[in-house]
Amino acid sequence: MAEFDLSRLESIARINANPNWVNRDLYRLLFKNELYLAAYERIKSKPGNMTKGVDGETLDGMNMSYVESIIAAMRDESFNFGPARRTYIPKKNGKMRPLGIANPREKLVQEAIRMILEAIYDSPFGASFSKQSYGFRPKRGTHNALQEIRTRWTGVRWIVEGDITSFFDNIDHDRLIELLRKRIKDERFLNLIRKALNAGILDQGNFSMTPNGTPQGSVVSPILANVYLHELDAKVAEIVARETKGKGAKPNPEYRALVNKLYAGRKKGTITADEVNAIQKAMRKLSPLAQDDPNFIRVHYVRYADDWVVGVLGPRELAGRIRSEIAEWLSRELKLSLNLEKTHIRHAATEEAVFLGARLSCAGRRSNNLVKHAPTPGSKTAKRRLPAGVVHLKAPANDIVAKLHQNGFCTKEGQPLSKRAWAVLDDDQIVSRFNAVLDGILNYYSFADNFSRLQRVQYILQFSAAKTLSHRHRMKSIRRAFAKYGSTLSVRVRNKAGEERVVSMRLRNSFAATPHRFVGLADPMLGAEARALKFGIRTRSSLLKDCAICGATDGVEMHHVRHIRKMGQKVKGFTRVMAAINRKQVPACKKCHSDIHAGRYDGISLQELALRMA
């Protein structure tokens, strides 16, 4: 079986650790079939690849002949992208978000472009993108962004919520190409990117040009968006450097007066216990440091895709000035508009900002009580106060319940309902799907200060699952479902070998807050070599294997199926065989591929297929 390597991409990644490096002759990389094989391996199992594009094609039937035709078109520069098929998905505010569904096979080219751009701008050996940028980047995610806010924004008094009006639809193509030219001196490669941007949209049969914007849903759109908004990151970095003042805030004179009074009274022995308690109670209501020191200012910034927030430890006038400066700069430099009606300035102590689905505030201490603290094991405990302006990140519990209602798990008031669309599935599949929803919510909000409020979410999903099982088996009440399956709704499943496994609801017993429990974070101690994208390793592609059924070596193409675990009882025939070996694609010659679709291989031996796929 043939192998391929991407050592050329690794070389590009290494040399682009220098942010001033200018890349030339990139277009020739698109003549290498290894690049498309690697691109195929990256996208072959992603959802949407079995969703038809405008031409009705999917990744089913992908073969090396198609890759060779792409390379031939690249050589004579005749390759063009077809229009994306527009569809709409609901947004949280009730409006619809447009998505562009590209031809799945053309996604190979988009992924190849994305891999090259990632090697240039997001090299694991030294990224050009800002450390404050977290969206659509390797080893970074929403929890990384929220963790930075949790750990670094203590004491922030004003929060600016950034809202760019229809960002993805308003990216200026000429300005984007101009920005790409700073690092790429290859007009053929840039022209290919422009072709992707200008491909157009087919919306219910009506074709429209795309003179601006990058279609949401495109493989290459996220990294192009980061290239575009990297300029904003650089601008805000200038603002941060300009506005930052002082090494620390000056002492609060009112607080210091109480400290001195307490110290003097104790030294002279003239202060009573009641007076000590009264002074300490008054001290707890004050910050040791001045809250309006004009000589101590800090500005913080975090961006995730087109969502961004600025935290200001300083006067409100500064927060307003920063918002106005960013709005004017975006309009002038990037031809984008800031929605000033939605770009709120929140008082961090009394209001909540919303960022990445979390409610953000700096509303003082989590407790006004003194806490016991032992700096080192075995030492005497000492009392200290929690710092003022501690960051609070909360889960929007009511919004989550509203979303569950929207998806049919409960009533508007939060009363559990049977998820009727899932009642046709097997019992273990029903429980597994409810687990996926519950785990997704609880894991995402694992850091929430109000984590206890998510007990309601667990209750809704637990009883919704019970009602769904009850509905499936026509039980008269959910009491019978709990009597049969237990409180965790445990379902026993046996495979063909007679081995038994148990699928249960993964219910939490404790909902205690763990404010620093962020999941899925990259290990910051790993070096650049360990964090590399493995461009240079040798790997293999299923696209180069022999037919998994008859062993033929000529005319092999890939048979694709949709996400098997979501098919429920619809999984049958050859697809059920693929599910048993946990495969979404198998190589097959043209004859066998035709026979698969005709149902002539529905009874193939699982052992025979597994051996061929090994």
# chains A, B, ... in the order shown; residues from 1 in each chain; ligands from 1
call {"tool": "closest_atom_pairs", "arguments": {"of": "range 134-252 of chain A", "to": "range 298-305 of chain A", "cutoff": "9 Å", "atoms": "only C-alpha atoms", "output": "CSV"}}
result
residue,atom,partner,partner_atom,distance
A:Tyr134,CA,A:Tyr304,CA,4.9
A:Gly135,CA,A:Tyr304,CA,4.3
A:Phe136,CA,A:Ala305,CA,7.1
A:Gly141,CA,A:Tyr304,CA,8.2
A:Thr142,CA,A:Tyr304,CA,7.3
A:Ala145,CA,A:Val302,CA,6.7
A:Leu146,CA,A:Val302,CA,8.7
A:Glu148,CA,A:Val302,CA,8.1
A:Ile149,CA,A:Val302,CA,7.8
A:Arg152,CA,A:His300,CA,8.2
A:Trp153,CA,A:His300,CA,7.1
A:Val156,CA,A:Arg298,CA,8.1
A:Pro222,CA,A:Ala305,CA,7.6
A:Ala225,CA,A:Ala305,CA,7.2
A:Asn226,CA,A:Ala305,CA,6.8
A:Leu229,CA,A:Ala305,CA,8.1
A:Asp233,CA,A:Arg303,CA,8.0
A:Val236,CA,A:Tyr301,CA,7.5
A:Ala237,CA,A:Tyr301,CA,8.3
A:Ile239,CA,A:Val299,CA,8.2
A:Val240,CA,A:Val299,CA,5.4
A:Ala241,CA,A:Val299,CA,8.5
A:Glu243,CA,A:Val299,CA,7.1
A:Thr244,CA,A:Arg298,CA,5.1
A:Lys245,CA,A:Arg298,CA,6.9
A:Gly246,CA,A:Arg298,CA,8.7
call {"tool": "residues_around", "arguments": {"residues": "Ser542 in chain A", "least_positions_apart": "4", "cutoff": "9 Å", "atoms": "only C-alpha atoms", "output": "JSON, numbers by chain"}}
result
{"A": [37, 41, 546, 558, 585, 586, 587]}
call {"tool": "residues_around", "arguments": {"residues": "Met283 in chain A", "least_positions_apart": "6", "cutoff": "10 Å", "atoms": "only C-alpha atoms", "output": "PyMOL selection string"}}
result
chain A and resi 254-259+277
call {"tool": "select_by_dssp", "arguments": {"residues": "range 14-97 of chain A", "states": "helix (DSSP H, G or I)", "output": "number ranges by chain"}}
result
A: 14-15, 27-31, 33-43, 64-75
call {"tool": "select_by_dssp", "arguments": {"residues": "range 73-303 of chain A", "states": "strand (DSSP E or B)", "output": "number ranges by chain"}}
result
A: 84-90, 96-101, 133, 158-164, 172, 184-185, 201-203, 206-208, 212, 245, 251, 289, 297-303
call {"tool": "residues_around", "arguments": {"residues": "Lys412 in chain A", "least_positions_apart": "3", "cutoff": "9 Å", "atoms": "only C-alpha atoms", "output": "ChimeraX atom specification"}}
result
/A:401-402,404-406,415
call {"tool": "write_last_selection", "arguments": {"atoms": "all heavy atoms", "output": "PDB file, in the first residue's frame"}}
result
ATOM      1  N   VAL A 401     -32.716  25.773  29.466  1.00  0.00           N
ATOM      2  CA  VAL A 401     -34.033  25.121  29.521  1.00  0.00           C
ATOM      3  C   VAL A 401     -34.876  25.528  28.311  1.00  0.00           C
ATOM      4  O   VAL A 401     -35.583  24.696  27.717  1.00  0.00           O
ATOM      5  CB  VAL A 401     -34.761  25.475  30.831  1.00  0.00           C
ATOM      6  CG1 VAL A 401     -36.198  24.955  30.813  1.00  0.00           C
ATOM      7  CG2 VAL A 401     -34.007  24.894  32.027  1.00  0.00           C
ATOM      8  N   ALA A 402     -34.786  26.804  27.921  1.00  0.00           N
ATOM      9  CA  ALA A 402     -35.519  27.254  26.735  1.00  0.00           C
ATOM     10  C   ALA A 402     -35.051  26.517  25.487  1.00  0.00           C
ATOM     11  O   ALA A 402     -35.856  26.172  24.608  1.00  0.00           O
ATOM     12  CB  ALA A 402     -35.344  28.760  26.562  1.00  0.00           C
ATOM     13  N   LEU A 404     -33.766  23.463  25.476  1.00  0.00           N
ATOM     14  CA  LEU A 404     -34.302  22.102  25.591  1.00  0.00           C
ATOM     15  C   LEU A 404     -35.761  22.065  25.148  1.00  0.00           C
ATOM     16  O   LEU A 404     -36.204  21.116  24.491  1.00  0.00           O
ATOM     17  CB  LEU A 404     -34.163  21.600  27.028  1.00  0.00           C
ATOM     18  CG  LEU A 404     -32.734  21.331  27.529  1.00  0.00           C
ATOM     19  CD1 LEU A 404     -32.747  20.946  29.003  1.00  0.00           C
ATOM     20  CD2 LEU A 404     -32.047  20.252  26.705  1.00  0.00           C
ATOM     21  N   HIS A 405     -36.514  23.110  25.514  1.00  0.00           N
ATOM     22  CA  HIS A 405     -37.911  23.198  25.069  1.00  0.00           C
ATOM     23  C   HIS A 405     -37.978  23.300  23.546  1.00  0.00           C
ATOM     24  O   HIS A 405     -38.797  22.626  22.898  1.00  0.00           O
ATOM     25  CB  HIS A 405     -38.578  24.416  25.714  1.00  0.00           C
ATOM     26  CG  HIS A 405     -39.845  24.836  25.032  1.00  0.00           C
ATOM     27  ND1 HIS A 405     -40.965  24.032  24.946  1.00  0.00           N
ATOM     28  CD2 HIS A 405     -40.165  25.994  24.367  1.00  0.00           C
ATOM     29  CE1 HIS A 405     -41.914  24.652  24.272  1.00  0.00           C
ATOM     30  NE2 HIS A 405     -41.461  25.840  23.907  1.00  0.00           N
ATOM     31  N   GLN A 406     -37.106  24.114  22.970  1.00  0.00           N
ATOM     32  CA  GLN A 406     -37.084  24.297  21.517  1.00  0.00           C
ATOM     33  C   GLN A 406     -36.803  22.980  20.797  1.00  0.00           C
ATOM     34  O   GLN A 406     -37.298  22.749  19.689  1.00  0.00           O
ATOM     35  CB  GLN A 406     -36.021  25.336  21.156  1.00  0.00           C
ATOM     36  CG  GLN A 406     -35.935  25.653  19.676  1.00  0.00           C
ATOM     37  CD  GLN A 406     -34.846  26.674  19.378  1.00  0.00           C
ATOM     38  OE1 GLN A 406     -34.369  27.391  20.253  1.00  0.00           O
ATOM     39  NE2 GLN A 406     -34.423  26.731  18.135  1.00  0.00           N
ATOM     40  N   GLN A 415     -41.178  21.301  32.121  1.00  0.00           N
ATOM     41  CA  GLN A 415     -41.682  19.985  32.478  1.00  0.00           C
ATOM     42  C   GLN A 415     -41.247  18.969  31.416  1.00  0.00           C
ATOM     43  O   GLN A 415     -41.474  19.181  30.223  1.00  0.00           O
ATOM     44  CB  GLN A 415     -43.214  20.012  32.575  1.00  0.00           C
ATOM     45  CG  GLN A 415     -43.747  20.850  33.711  1.00  0.00           C
ATOM     46  CD  GLN A 415     -43.259  20.360  35.062  1.00  0.00           C
ATOM     47  OE1 GLN A 415     -43.273  19.149  35.342  1.00  0.00           O
ATOM     48  NE2 GLN A 415     -42.809  21.286  35.902  1.00  0.00           N
TER      49      GLN A 415
END
call {"tool": "closest_residue", "arguments": {"among": "A:Asp307, A:Asp55, A:Glu106, A:Glu238", "to": "Phe168 in chain A", "atoms": "only C-alpha atoms"}}
result
A:Asp307
call {"tool": "atom_distance", "arguments": {"atom1": "CA of Asn80 in chain A", "atom2": "CA of Tyr40 in chain A"}}
result
18.7 Å
call {"tool": "residues_around", "arguments": {"residues": "Asn407 in chain A", "least_positions_apart": "3", "cutoff": "12 Å", "atoms": "only C-alpha atoms", "output": "PyMOL selection string"}}
result
chain A and resi 90+400-404+410-412+414+416-422+437+461+464
call {"tool": "atom_distance", "arguments": {"atom1": "CA of Leu338 in chain A", "atom2": "CA of Ile159 in chain A"}}
result
15.7 Å
call {"tool": "closest_residue", "arguments": {"among": "A:Asp163, A:Tyr121, A:Asn206, A:Gln280", "to": "Leu224 in chain A", "atoms": "only C-alpha atoms"}}
result
A:Tyr121
call {"tool": "residues_around", "arguments": {"residues": "Gln291 in chain A", "least_positions_apart": "4", "cutoff": "12 Å", "atoms": "only C-alpha atoms", "output": "PyMOL selection string"}}
result
chain A and resi 155-157+248-255+286-287+295-297+313-315+388-389
call {"tool": "closest_residue", "arguments": {"among": "A:Asn582, A:Asn18, A:Ser541, A:Ser166", "to": "Glu34 in chain A", "atoms": "only C-alpha atoms"}}
result
A:Ser541
call {"tool": "decode", "arguments": {"residues": "range 398-441 of chain A", "atoms": "N, CA and C atoms", "output": "short mmCIF file (atom, residue, chain, number, x, y, z; two decimals), in the first residue's frame"}}
result
data_model
loop_
_atom_site.label_atom_id
_atom_site.label_comp_id
_atom_site.auth_asym_id
_atom_site.auth_seq_id
_atom_site.Cartn_x
_atom_site.Cartn_y
_atom_site.Cartn_z
N ASN A 398 -31.73 29.39 32.55
CA ASN A 398 -33.04 29.58 31.92
C ASN A 398 -32.95 29.46 30.40
N ASP A 399 -31.85 29.99 29.83
CA ASP A 399 -31.67 29.89 28.38
C ASP A 399 -31.48 28.43 27.95
N ILE A 400 -30.77 27.66 28.79
CA ILE A 400 -30.55 26.25 28.47
C ILE A 400 -31.87 25.50 28.47
N VAL A 401 -32.72 25.77 29.47
CA VAL A 401 -34.03 25.12 29.52
C VAL A 401 -34.88 25.53 28.31
N ALA A 402 -34.79 26.80 27.92
CA ALA A 402 -35.52 27.25 26.73
C ALA A 402 -35.05 26.52 25.49
N LYS A 403 -33.75 26.25 25.41
CA LYS A 403 -33.21 25.50 24.27
C LYS A 403 -33.70 24.05 24.28
N LEU A 404 -33.77 23.46 25.48
CA LEU A 404 -34.30 22.10 25.59
C LEU A 404 -35.76 22.07 25.15
N HIS A 405 -36.51 23.11 25.51
CA HIS A 405 -37.91 23.20 25.07
C HIS A 405 -37.98 23.30 23.55
N GLN A 406 -37.11 24.11 22.97
CA GLN A 406 -37.08 24.30 21.52
C GLN A 406 -36.80 22.98 20.80
N ASN A 407 -36.04 22.09 21.45
CA ASN A 407 -35.68 20.82 20.83
C ASN A 407 -36.56 19.66 21.29
N GLY A 408 -37.66 19.97 22.00
CA GLY A 408 -38.65 18.96 22.29
C GLY A 408 -38.42 18.11 23.51
N PHE A 409 -37.52 18.51 24.43
CA PHE A 409 -37.26 17.73 25.63
C PHE A 409 -38.19 18.11 26.79
N CYS A 410 -38.77 19.28 26.74
CA CYS A 410 -39.61 19.74 27.85
C CYS A 410 -40.58 20.80 27.37
N THR A 411 -41.51 21.14 28.24
CA THR A 411 -42.43 22.23 27.95
C THR A 411 -41.72 23.56 28.15
N LYS A 412 -42.41 24.63 27.82
CA LYS A 412 -41.85 25.96 28.02
C LYS A 412 -41.54 26.22 29.48
N GLU A 413 -42.31 25.59 30.37
CA GLU A 413 -42.10 25.77 31.80
C GLU A 413 -41.03 24.83 32.36
N GLY A 414 -40.50 23.94 31.51
CA GLY A 414 -39.45 23.03 31.96
C GLY A 414 -39.94 21.69 32.44
N GLN A 415 -41.18 21.30 32.12
CA GLN A 415 -41.68 19.98 32.48
C GLN A 415 -41.25 18.97 31.42
N PRO A 416 -40.61 17.86 31.82
CA PRO A 416 -40.06 16.89 30.85
C PRO A 416 -41.13 16.32 29.93
N LEU A 417 -40.75 16.10 28.68
CA LEU A 417 -41.61 15.49 27.67
C LEU A 417 -40.89 14.32 27.03
N SER A 418 -41.65 13.43 26.42
CA SER A 418 -41.05 12.36 25.63
C SER A 418 -40.45 12.96 24.36
N LYS A 419 -39.22 12.55 24.06
CA LYS A 419 -38.58 12.97 22.80
C LYS A 419 -39.08 12.02 21.72
N ARG A 420 -40.21 12.36 21.11
CA ARG A 420 -40.93 11.44 20.23
C ARG A 420 -40.10 10.99 19.04
N ALA A 421 -39.26 11.88 18.52
CA ALA A 421 -38.46 11.51 17.34
C ALA A 421 -37.47 10.39 17.65
N TRP A 422 -37.13 10.22 18.94
CA TRP A 422 -36.17 9.18 19.32
C TRP A 422 -36.85 7.90 19.80
N ALA A 423 -38.18 7.90 19.91
CA ALA A 423 -38.88 6.74 20.45
C ALA A 423 -38.79 5.52 19.52
N VAL A 424 -38.37 5.72 18.27
CA VAL A 424 -38.25 4.60 17.33
C VAL A 424 -36.90 3.90 17.45
N LEU A 425 -35.98 4.46 18.25
CA LEU A 425 -34.64 3.89 18.37
C LEU A 425 -34.63 2.74 19.36
N ASP A 426 -33.54 1.97 19.36
CA ASP A 426 -33.35 0.94 20.37
C ASP A 426 -33.14 1.59 21.73
N ASP A 427 -33.40 0.84 22.79
CA ASP A 427 -33.31 1.40 24.13
C ASP A 427 -31.92 1.97 24.43
N ASP A 428 -30.88 1.23 24.07
CA ASP A 428 -29.52 1.70 24.36
C ASP A 428 -29.19 2.95 23.57
N GLN A 429 -29.73 3.07 22.35
CA GLN A 429 -29.47 4.26 21.56
C GLN A 429 -30.19 5.48 22.15
N ILE A 430 -31.38 5.26 22.70
CA ILE A 430 -32.10 6.36 23.35
C ILE A 430 -31.30 6.89 24.53
N VAL A 431 -30.85 5.98 25.39
CA VAL A 431 -30.08 6.40 26.57
C VAL A 431 -28.77 7.06 26.14
N SER A 432 -28.12 6.53 25.12
CA SER A 432 -26.85 7.12 24.65
C SER A 432 -27.05 8.54 24.15
N ARG A 433 -28.15 8.78 23.45
CA ARG A 433 -28.39 10.13 22.93
C ARG A 433 -28.68 11.12 24.05
N PHE A 434 -29.44 10.69 25.04
CA PHE A 434 -29.68 11.58 26.18
C PHE A 434 -28.37 11.85 26.93
N ASN A 435 -27.52 10.83 27.03
CA ASN A 435 -26.21 11.03 27.67
C ASN A 435 -25.40 12.08 26.93
N ALA A 436 -25.45 12.02 25.60
CA ALA A 436 -24.66 12.97 24.79
C ALA A 436 -25.11 14.40 25.06
N VAL A 437 -26.43 14.61 25.15
CA VAL A 437 -26.95 15.95 25.42
C VAL A 437 -26.56 16.40 26.83
N LEU A 438 -26.77 15.52 27.82
CA LEU A 438 -26.46 15.86 29.21
C LEU A 438 -24.98 16.12 29.40
N ASP A 439 -24.13 15.23 28.88
CA ASP A 439 -22.68 15.42 29.02
C ASP A 439 -22.22 16.70 28.34
N GLY A 440 -22.80 16.99 27.17
CA GLY A 440 -22.40 18.19 26.45
C GLY A 440 -22.65 19.44 27.27
N ILE A 441 -23.82 19.52 27.91
CA ILE A 441 -24.16 20.72 28.70
C ILE A 441 -23.32 20.78 29.97
#
